[in-house]
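Containing mmCIF, C-alpha atoms: final.cif.
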```
data_run
#
loop_
_atom_site.label_atom_id
_atom_site.label_comp_id
_atom_site.auth_asym_id
_atom_site.auth_seq_id
_atom_site.Cartn_x
_atom_site.Cartn_y
_atom_site.Cartn_z
CA MET A 665 -27.70 3.39 51.85
CA SER A 666 -30.89 5.37 51.83
CA ASP A 667 -33.93 4.54 49.76
CA ALA A 668 -33.51 7.78 47.87
CA SER A 669 -30.33 6.52 46.20
CA PHE A 670 -32.36 3.87 44.39
CA ILE A 671 -34.77 6.30 42.87
CA ILE A 672 -33.93 7.11 39.30
CA ASP A 673 -34.96 10.56 38.25
CA GLU A 674 -35.13 11.63 34.64
CA ALA A 675 -31.95 13.71 34.71
CA SER A 676 -29.70 10.91 35.99
CA ALA A 677 -31.31 8.08 34.03
CA PRO A 678 -29.09 6.52 31.39
CA ARG A 679 -29.89 8.25 28.14
CA ALA A 680 -30.49 5.85 25.27
CA PRO A 681 -28.63 6.96 22.15
CA VAL A 682 -30.58 8.18 19.15
CA ALA A 683 -27.81 7.50 16.64
CA ALA A 684 -28.97 5.80 13.46
CA PRO A 685 -26.70 3.42 11.49
CA GLY A 686 -26.03 6.33 9.14
CA ASP A 687 -24.35 8.24 11.99
CA TYR A 688 -21.97 5.36 12.61
CA PHE A 689 -21.30 5.21 8.88
CA ALA A 690 -20.54 8.96 8.90
CA LEU A 691 -17.90 8.28 11.60
CA LEU A 692 -16.02 6.24 9.01
CA LYS A 693 -15.47 9.35 6.82
CA PRO A 694 -16.89 7.69 3.70
CA ARG A 695 -15.32 10.18 1.26
CA VAL A 696 -11.83 9.61 2.67
CA MET A 697 -12.57 5.88 2.73
CA SER A 698 -13.47 5.89 -0.98
CA LEU A 699 -10.10 7.47 -1.80
CA VAL A 700 -8.35 4.86 0.36
CA VAL A 701 -10.21 2.06 -1.44
CA PHE A 702 -9.25 3.50 -4.80
CA THR A 703 -5.54 3.90 -3.99
CA ALA A 704 -5.35 0.52 -2.24
CA LEU A 705 -6.95 -1.08 -5.31
CA ALA A 706 -4.17 0.43 -7.43
CA GLY A 707 -1.65 -1.14 -5.04
CA ILE A 708 -3.34 -4.55 -5.34
CA LEU A 709 -3.47 -4.33 -9.13
CA LEU A 710 0.25 -3.50 -9.33
CA ALA A 711 0.99 -7.04 -8.15
CA PRO A 712 2.89 -8.98 -10.83
CA VAL A 713 0.67 -12.01 -10.25
CA ALA A 714 -3.06 -11.37 -10.22
CA PRO A 715 -4.55 -12.15 -6.80
CA HIS A 716 -7.77 -14.16 -6.53
CA PRO A 717 -10.61 -11.66 -7.13
CA PHE A 718 -12.48 -12.61 -3.96
CA LEU A 719 -9.37 -12.41 -1.78
CA ALA A 720 -8.56 -9.04 -3.39
CA PHE A 721 -12.11 -7.88 -2.61
CA ALA A 722 -11.89 -9.11 1.00
CA SER A 723 -8.50 -7.42 1.44
CA LEU A 724 -9.86 -4.18 0.05
CA LEU A 725 -12.84 -4.40 2.41
CA ALA A 726 -10.52 -4.89 5.42
CA ILE A 727 -8.35 -1.93 4.35
CA ALA A 728 -11.48 0.22 3.87
CA VAL A 729 -12.82 -0.70 7.33
CA GLY A 730 -9.37 -0.01 8.87
CA ALA A 731 -9.35 3.43 7.23
CA GLY A 732 -12.91 4.05 8.43
CA ALA A 733 -11.97 2.97 11.96
CA SER A 734 -9.13 5.48 12.05
CA GLY A 735 -11.64 8.13 10.89
CA ALA A 736 -13.92 7.23 13.81
CA LEU A 737 -11.01 7.45 16.28
CA ASN A 738 -10.05 10.81 14.77
CA MET A 739 -13.60 12.09 15.33
CA TRP A 740 -13.53 10.75 18.89
CA TYR A 741 -10.36 12.67 19.72
CA ASP A 742 -11.13 15.82 17.74
CA ALA A 743 -14.75 16.28 18.87
CA ASP A 744 -13.80 19.47 20.76
CA ILE A 745 -12.28 21.24 17.75
CA ASP A 746 -14.82 19.79 15.30
CA ARG A 747 -17.45 21.85 17.16
CA LEU A 748 -15.60 25.04 16.27
CA MET A 749 -15.36 24.69 12.50
CA THR A 750 -18.23 24.98 9.99
CA ARG A 751 -16.75 22.17 7.88
CA THR A 752 -16.90 19.69 10.77
CA ARG A 753 -19.61 20.82 13.20
CA GLY A 754 -22.28 18.69 11.47
CA ARG A 755 -20.37 15.49 12.32
CA PRO A 756 -22.26 13.01 14.55
CA ILE A 757 -20.43 13.82 17.83
CA PRO A 758 -20.47 17.65 17.72
CA ALA A 759 -24.05 17.50 16.42
CA GLY A 760 -24.99 15.52 19.57
CA ARG A 761 -26.26 12.38 17.84
CA LEU A 762 -23.46 10.17 19.17
CA GLY A 763 -21.35 10.11 22.33
CA ARG A 764 -17.55 10.21 22.26
CA GLU A 765 -17.36 6.88 24.10
CA GLU A 766 -19.44 5.18 21.42
CA ALA A 767 -17.16 6.53 18.70
CA LEU A 768 -14.09 5.34 20.63
CA ALA A 769 -15.50 1.83 21.14
CA PHE A 770 -16.67 1.65 17.53
CA GLY A 771 -13.29 2.80 16.20
CA LEU A 772 -11.26 0.43 18.39
CA PHE A 773 -13.49 -2.54 17.61
CA LEU A 774 -13.36 -1.95 13.86
CA SER A 775 -9.57 -1.37 13.96
CA ILE A 776 -8.96 -4.73 15.62
CA MET A 777 -11.40 -6.55 13.33
CA ALA A 778 -9.93 -4.96 10.19
CA VAL A 779 -6.33 -5.79 11.10
CA PHE A 780 -7.08 -9.41 12.05
CA THR A 781 -9.30 -9.91 9.00
CA LEU A 782 -6.56 -8.64 6.67
CA GLY A 783 -4.03 -10.86 8.44
CA LEU A 784 -6.20 -13.95 7.96
CA VAL A 785 -7.42 -13.12 4.45
CA ALA A 786 -4.10 -11.86 3.00
CA ASN A 787 -0.96 -11.93 5.16
CA TRP A 788 0.46 -10.49 8.37
CA LEU A 789 2.79 -8.02 6.63
CA ALA A 790 -0.25 -6.28 5.13
CA ALA A 791 -2.06 -6.50 8.49
CA GLY A 792 0.96 -5.00 10.28
CA LEU A 793 1.13 -2.16 7.75
CA LEU A 794 -2.60 -1.51 8.21
CA ALA A 795 -2.18 -1.46 12.01
CA PHE A 796 0.74 0.96 11.60
CA THR A 797 -1.36 3.18 9.30
CA ILE A 798 -4.17 3.36 11.88
CA PHE A 799 -1.68 4.03 14.69
CA PHE A 800 0.11 6.71 12.67
CA TYR A 801 -3.11 8.50 11.73
CA VAL A 802 -4.69 8.38 15.18
CA VAL A 803 -1.76 8.68 17.58
CA VAL A 804 1.02 10.38 15.60
CA TYR A 805 -1.12 12.71 13.46
CA THR A 806 -4.39 13.30 15.35
CA MET A 807 -3.18 13.20 18.96
CA TRP A 808 0.29 14.65 18.51
CA LEU A 809 1.18 16.51 15.31
CA LYS A 810 -2.15 18.10 14.40
CA ARG A 811 -2.27 20.43 17.40
CA THR A 812 1.45 21.04 17.85
CA THR A 813 3.22 21.74 14.55
CA PRO A 814 2.52 23.41 11.19
CA MET A 815 4.23 20.37 9.62
CA ASN A 816 1.23 18.30 10.83
CA ILE A 817 -0.11 17.40 7.42
CA VAL A 818 3.34 16.93 5.86
CA ILE A 819 4.34 14.16 8.28
CA GLY A 820 0.77 13.02 8.95
CA GLY A 821 0.25 12.66 5.21
CA ALA A 822 2.19 9.40 5.44
CA ALA A 823 -0.92 7.75 6.91
CA GLY A 824 -3.01 8.71 3.89
CA ALA A 825 -0.21 7.64 1.55
CA LEU A 826 0.17 4.10 2.92
CA PRO A 827 -2.96 2.37 1.47
CA PRO A 828 -1.33 1.50 -1.92
CA VAL A 829 1.57 -0.05 0.01
CA VAL A 830 -0.88 -2.02 2.18
CA GLY A 831 -2.77 -3.11 -0.95
CA PHE A 832 0.41 -4.25 -2.70
CA ALA A 833 1.55 -6.08 0.43
CA ALA A 834 -1.86 -7.79 0.69
CA ALA A 835 -1.54 -9.05 -2.89
CA THR A 836 2.13 -10.05 -2.86
CA GLY A 837 3.32 -10.34 0.75
CA ALA A 838 6.06 -7.80 -0.02
CA VAL A 839 6.74 -4.10 -0.57
CA ASP A 840 8.46 -2.95 -3.76
CA LEU A 841 9.44 0.23 -5.57
CA SER A 842 6.17 0.60 -7.49
CA SER A 843 4.09 0.75 -4.31
CA VAL A 844 6.63 3.10 -2.69
CA ILE A 845 6.29 5.44 -5.72
CA LEU A 846 2.52 5.55 -5.20
CA PHE A 847 3.18 6.29 -1.52
CA GLY A 848 5.45 9.18 -2.58
CA LEU A 849 2.82 10.46 -4.98
CA ILE A 850 0.13 10.77 -2.28
CA PHE A 851 2.66 11.97 0.30
CA MET A 852 3.78 14.89 -1.88
CA TRP A 853 0.21 15.62 -2.97
CA THR A 854 -1.12 16.07 0.59
CA PRO A 855 0.57 19.39 1.59
CA PRO A 856 -0.47 21.52 -1.43
CA HIS A 857 -3.96 20.02 -1.24
CA PHE A 858 -4.54 20.86 2.43
CA TRP A 859 -2.61 24.12 2.49
CA ALA A 860 -4.79 25.43 -0.37
CA LEU A 861 -7.81 24.79 1.88
CA ALA A 862 -5.98 26.20 4.91
CA LEU A 863 -5.42 29.50 3.07
CA VAL A 864 -9.20 29.87 2.69
CA LYS A 865 -10.14 28.48 6.12
CA ARG A 866 -7.30 30.18 7.97
CA ALA A 867 -9.57 31.95 10.46
CA GLU A 868 -11.41 28.73 11.36
CA TYR A 869 -8.21 26.78 11.90
CA GLY A 870 -6.94 29.69 14.01
CA ALA A 871 -10.12 29.72 16.14
CA ALA A 872 -9.80 25.99 16.68
CA GLY A 873 -6.15 26.39 17.71
CA ILE A 874 -4.77 24.19 14.92
CA PRO A 875 -1.33 25.46 13.86
CA MET A 876 -1.75 25.20 10.08
CA LEU A 877 1.07 26.69 8.02
CA PRO A 878 -0.76 29.96 7.06
CA ASN A 879 -1.56 30.62 10.75
CA VAL A 880 1.99 30.02 11.95
CA HIS A 881 4.28 31.19 9.13
CA GLY A 882 1.90 33.40 7.15
CA GLU A 883 0.32 33.24 3.72
CA THR A 884 3.43 34.21 1.70
CA ARG A 885 5.44 31.28 3.05
CA THR A 886 2.45 28.95 2.53
CA ARG A 887 2.01 30.03 -1.10
CA LEU A 888 5.72 29.44 -1.74
CA GLU A 889 5.64 25.99 -0.11
CA ILE A 890 2.52 25.06 -2.09
CA LEU A 891 4.42 25.95 -5.26
CA VAL A 892 7.55 24.02 -4.24
CA TYR A 893 5.58 20.88 -3.28
CA SER A 894 3.57 21.05 -6.52
CA ILE A 895 6.76 21.32 -8.61
CA LEU A 896 8.17 18.30 -6.75
CA LEU A 897 4.89 16.39 -7.11
CA ALA A 898 4.55 16.70 -10.90
CA PRO A 899 7.59 14.48 -11.78
CA ILE A 900 6.61 11.90 -9.14
CA GLY A 901 3.23 11.72 -10.91
CA VAL A 902 5.04 10.74 -14.13
CA ALA A 903 7.39 8.28 -12.35
CA PRO A 904 5.11 5.20 -12.75
CA TYR A 905 5.54 5.56 -16.53
CA LEU A 906 9.27 6.34 -16.33
CA LEU A 907 9.83 3.28 -14.13
CA GLY A 908 7.89 1.05 -16.49
CA PHE A 909 4.82 0.07 -14.48
CA ALA A 910 2.40 2.37 -16.30
CA SER A 911 1.75 2.93 -20.01
CA PRO A 912 2.70 5.93 -22.17
CA VAL A 913 -0.99 6.96 -21.99
CA TYR A 914 -0.62 7.25 -18.22
CA GLY A 915 2.65 9.15 -18.74
CA ALA A 916 0.98 11.67 -21.06
CA VAL A 917 -1.99 12.15 -18.70
CA ALA A 918 0.35 12.58 -15.71
CA LEU A 919 2.44 15.11 -17.61
CA LEU A 920 -0.57 17.20 -18.61
CA LEU A 921 -2.23 17.05 -15.19
CA GLY A 922 1.09 17.81 -13.47
CA ALA A 923 1.56 20.90 -15.66
CA ALA A 924 -2.01 22.02 -14.89
CA LEU A 925 -1.44 21.49 -11.15
CA VAL A 926 1.76 23.56 -11.21
CA ALA A 927 -0.12 26.28 -13.16
CA CYS A 928 -2.79 26.33 -10.41
CA ALA A 929 -0.04 26.57 -7.77
CA VAL A 930 1.62 29.45 -9.67
CA GLU A 931 -1.73 31.24 -9.68
CA VAL A 932 -2.05 30.74 -5.92
CA TYR A 933 1.47 32.13 -5.52
CA LEU A 934 0.80 35.21 -7.67
CA ARG A 935 -2.75 36.14 -6.59
CA ARG A 936 -2.45 37.19 -2.98
CA GLU A 937 -5.29 39.60 -2.33
CA GLY A 938 -9.07 39.47 -2.17
CA ASP A 939 -11.57 37.24 -3.87
CA LYS A 940 -9.22 36.28 -6.73
CA ALA A 941 -6.74 34.85 -4.21
CA ARG A 942 -9.50 32.87 -2.51
CA ARG A 943 -10.78 31.50 -5.82
CA ALA A 944 -7.25 30.53 -6.91
CA ALA A 945 -6.75 28.59 -3.66
CA MET A 946 -10.09 26.79 -3.98
CA ARG A 947 -9.33 26.01 -7.63
CA LEU A 948 -6.07 24.37 -6.58
CA PHE A 949 -7.84 22.50 -3.76
CA PHE A 950 -10.45 21.01 -6.11
CA PHE A 951 -8.04 20.45 -8.98
CA SER A 952 -5.70 18.54 -6.69
CA ILE A 953 -8.56 16.10 -6.00
CA VAL A 954 -9.16 15.73 -9.76
CA TYR A 955 -5.39 15.27 -10.28
CA LEU A 956 -5.02 12.40 -7.84
CA THR A 957 -8.31 10.75 -8.79
CA LEU A 958 -7.54 10.79 -12.53
CA LEU A 959 -3.99 9.50 -12.10
CA PHE A 960 -5.14 6.54 -10.02
CA MET A 961 -8.14 6.00 -12.31
CA VAL A 962 -5.90 5.68 -15.38
CA LEU A 963 -3.55 3.40 -13.46
CA VAL A 964 -6.41 1.17 -12.27
CA ILE A 965 -8.14 1.04 -15.67
CA GLU A 966 -4.99 0.07 -17.55
CA ARG A 967 -4.10 -2.60 -15.00
CA LEU A 968 -7.64 -4.00 -15.23
CA LEU A 969 -7.40 -4.04 -19.04
CA ALA A 970 -4.04 -5.81 -18.83
CA LEU A 971 -5.55 -8.30 -16.39
CA SER A 972 -8.56 -9.01 -18.63
CA SER A 973 -6.34 -9.57 -21.69
CA TRP A 974 -4.13 -11.82 -19.56
CA LEU A 975 -7.17 -13.83 -18.46
CA ALA A 976 -8.59 -14.04 -22.03
CA MET B 1438 -34.38 -2.06 53.06
CA THR B 1439 -37.63 -0.55 51.90
CA ILE B 1440 -38.22 -0.30 48.21
CA GLY B 1441 -39.87 2.93 47.23
CA ARG B 1442 -42.88 3.02 44.93
CA HIS B 1443 -40.98 5.11 42.37
CA GLU B 1444 -38.07 2.64 42.27
CA ASP B 1445 -40.47 -0.29 42.00
CA THR B 1446 -42.02 1.29 38.93
CA GLU B 1447 -38.56 1.91 37.40
CA ARG B 1448 -37.55 -1.73 37.98
CA ARG B 1449 -40.58 -3.02 36.19
CA GLU B 1450 -40.47 -0.58 33.29
CA GLY B 1451 -36.72 0.01 32.93
CA VAL B 1452 -35.66 2.97 30.81
CA VAL B 1453 -38.58 3.93 28.64
CA LEU B 1454 -37.44 4.82 25.16
CA THR B 1455 -38.97 7.59 23.14
CA PRO B 1456 -40.39 6.50 19.74
CA GLU B 1457 -37.36 8.10 18.08
CA GLN B 1458 -34.94 6.15 20.30
CA ALA B 1459 -36.84 2.91 19.75
CA LYS B 1460 -36.75 3.45 15.99
CA SER B 1461 -33.01 4.17 15.92
CA ARG B 1462 -32.32 1.16 18.19
CA ARG B 1463 -34.24 -1.11 15.83
CA ALA B 1464 -32.30 0.31 12.86
CA ARG B 1465 -29.01 -0.28 14.71
CA ASN B 1466 -30.02 -3.85 15.56
CA ILE B 1467 -30.80 -4.58 11.91
CA ALA B 1468 -27.51 -3.01 10.80
CA ILE B 1469 -25.53 -5.11 13.31
CA GLY B 1470 -27.38 -8.27 12.18
CA VAL B 1471 -26.63 -7.58 8.53
CA ALA B 1472 -22.97 -6.77 9.31
CA VAL B 1473 -22.50 -10.00 11.29
CA ALA B 1474 -24.15 -12.07 8.53
CA LEU B 1475 -21.91 -10.47 5.89
CA PHE B 1476 -18.84 -11.07 8.08
CA VAL B 1477 -19.71 -14.76 8.44
CA ALA B 1478 -20.33 -15.05 4.67
CA LEU B 1479 -17.02 -13.28 3.97
CA PHE B 1480 -15.06 -15.78 6.07
CA TYR B 1481 -16.99 -18.71 4.64
CA PHE B 1482 -16.08 -17.76 1.05
CA VAL B 1483 -12.50 -16.82 1.99
CA THR B 1484 -12.10 -20.29 3.51
CA ILE B 1485 -13.51 -21.96 0.40
CA VAL B 1486 -11.21 -19.92 -1.87
CA LYS B 1487 -8.14 -20.57 0.29
CA LEU B 1488 -8.79 -24.29 0.56
CA GLY B 1489 -9.44 -24.46 -3.19
CA GLY B 1490 -8.48 -27.80 -4.68
CA ASN B 1491 -6.98 -29.01 -1.42
CA VAL B 1492 -10.34 -30.36 -0.33
CA VAL B 1493 -10.37 -33.85 -1.79
CA PRO B 1494 -12.11 -37.02 -0.63
CA ARG B 1495 -9.84 -38.98 1.69
CA ALA B 1496 -8.90 -42.46 0.61
CA GLU B 1497 -10.70 -45.03 2.75
#
```

Render the structure in this file as structure tokens.
Amino acid sequence: MSDASFIIDEASAPRAPVAAPGDYFALLKPRVMSLVVFTALAGILLAPVAPHPFLAFASLLAIAVGAGASGALNMWYDADIDRLMTRTRGRPIPAGRLGREEALAFGLFLSIMAVFTLGLVANWLAAGLLAFTIFFYVVVYTMWLKRTTPMNIVIGGAAGALPPVVGFAAATGAVDLSSVILFGLIFMWTPPHFWALALVKRAEYGAAGIPMLPNVHGETRTRLEILVYSILLAPIGVAPYLLGFASPVYGAVALLLGAALVACAVEVYLRREGDKARRAAMRLFFFSIVYLTLLFMVLVIERLLALSSWLA
Amino acid sequence: MTIGRHEDTERREGVVLTPEQAKSRRARNIAIGVAVALFVALFYFVTIVKLGGNVVPRAE
């Protein structure tokens, strides 16, 4: 070995990362995580017997970290296509603040910690479901479906729909119809929500090589499928009332919001050209967020009220 | 084996961080410390809650 091989020049020297804690937090996709927390909380509160508040909090924390970990692993794998889209190019890896390896290590570490914490705090059924959710989101959706089929978000939506089931399992050690209904609600909500965005961002998805429905089967088929999924979603939204685990107030809110969502979907179906079509799609995209948030908010509030009167 | 002057300097100084890198490393260290402390506290309270009334003085 020559002496020269020992000499470290600036170019080959290990580069210390400049990532701040906020960059690692951004890897967790905080906005997605907040939705997961909210829906998992609804699952916990559906439990017939109120769980201990601290154990419920710890379970929720583990589910949130598990969801965040899968977000980090998604950003690790998708760094190449994140660079190509305006919506995602500011993320820590494409922006150059964090290396892919760091995101991978961070995501794997948090996944393992979240699953084992949930297993110890709640039970191993909930932990197994959380592990399956992470696996489904990272391996089945991100690595496989996302880049190969226009049904990516239909099947992949199962990962986003599982948190209420995980929450219910954490509180009860079982899975029942009420948590499966909440799963169905998020599962049916996902396609119209993302396809509305895909109609507007079609060119970006195309440039990134992601086979979203508008890119593969065209806008007419996408608008029709958005309408069909929205019509199927509206009754599932009312199902918690019909099946007796939500109040008539929830039923009325779900009915009104469902009708408004279908109206937005009809508008997307009818307005096909120009700026009006774009605005209709964005309206549906944002309204779908309001729809899901309000439904779960009403569900959570009325379960909390029931719990407080039960405790009083 | 002869040790070059350049390498000798590198061994003593290691990788010199820029002020920005040093600042972000310090912030990361604090964040890790806080996270570990919260994790320990979480398991402490979970243990207390789970044990509940089962912790009773043993009969002599």

Worksheet item: Got a sec: who's within 12 Å of A:Ala731, counting only C-alpha atoms, leaving out chain neighbours fewer than 3 positions off, as an NGL selection string?
Response: :A and (691-701 or 703-704 or 724-728 or 734-738 or 771-772 or 774-779 or 793-802 or 823-827 or 830)

Item to complete: Skip stretch 922-937 of chain A itself and residues of its chain fewer than 3 positions away, then list as a PyMOL selection string all residues within 10 Å of it, counting all atoms listed in the file.
Response: chain A and resi 856+860+863+883-902+916-919+940-949+951-952+954-956+959

Discussion item. Suppose a student applies the PyMOL selection byres ((chain B and resi 1474-1480) around 10) to this structure; what residues should they get, written as a PyMOL selection string?
Written reply: (chain A and resi 718-719+721-722+725+781+784-785) or (chain B and resi 1468-1473+1481-1486)

Worksheet item: Which value, in Å to one decimal, gives the distance between atom CA of A:Leu921 and atom CA of A:Ala714?
Response: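 Atom CA of A:Ala714 lies at a distance of 28.9 Å from atom CA of A:Leu921.
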
Item to complete: Grab the atom CA of A:Leu709 to atom CA of A:Thr957 distance for me, in Å with one decimal place.
Response: 15.8 Å

Worksheet item: Looking at all atoms listed in the file, which of A:Asp687, A:Glu765, A:Asp840, A:Glu868 is the one that sits closest to chain B?
Response: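 Looking only at the distances to chain B, the closest residue turns out to be A:Asp687.
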
Item to complete: Measure the distance from atom CA of B:Arg1463 to atom CA of A:Gly686 in Å and round it to one decimal.
Response: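 Result for atom CA of B:Arg1463 versus atom CA of A:Gly686: 12.9 Å, one decimal.
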
Item to complete: Would you list the contacts of A:Phe858 as a list in words, taking every protein, DNA or RNA residue within 8 Å and counting only C-alpha atoms, but skipping same-chain residues closer than 3 positions in sequence?
Response: Ile817, Thr854, Pro855, Leu861, Ala862 and Phe949 of chain A

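For the set A:Gly873, A:Pro814, A:Pro717, A:Pro712, the residue with the smallest atom-to-atom gap to chain B is A:Pro717, counting all atoms listed in the file.
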
Fill in: Of the listed residues A:Ala910, A:Leu782, A:Met749, A:Ala743, that which approaches chain B most closely, counting all atoms listed in the file
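Closest candidate: A:Leu782.
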
Worksheet item: Closest to chain B among A:Ala690, A:Ala786, A:Met739, A:Ala767, using all atoms listed in the file?
Response: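 Looking only at the distances to chain B, the closest residue turns out to be A:Ala786.
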
As AutoDock Vina command-line options, please: the centre and edge lengths in Å, to one decimal, of an axis-aligned box enclosing every listed atom of stretch 1458-1464 of chain B with 5 Å added on each side.
```
--center_x -34.6 --center_y 2.5 --center_z 16.6 --size_x 14.5 --size_y 17.3 --size_z 17.4
```

Fill in: Surrounding residues of stretch 807-812 of chain A excluding itself and chain neighbours under 4 positions, 6 Å, only C-alpha atoms, as a PyMOL selection string
chain A and resi 803+816+874
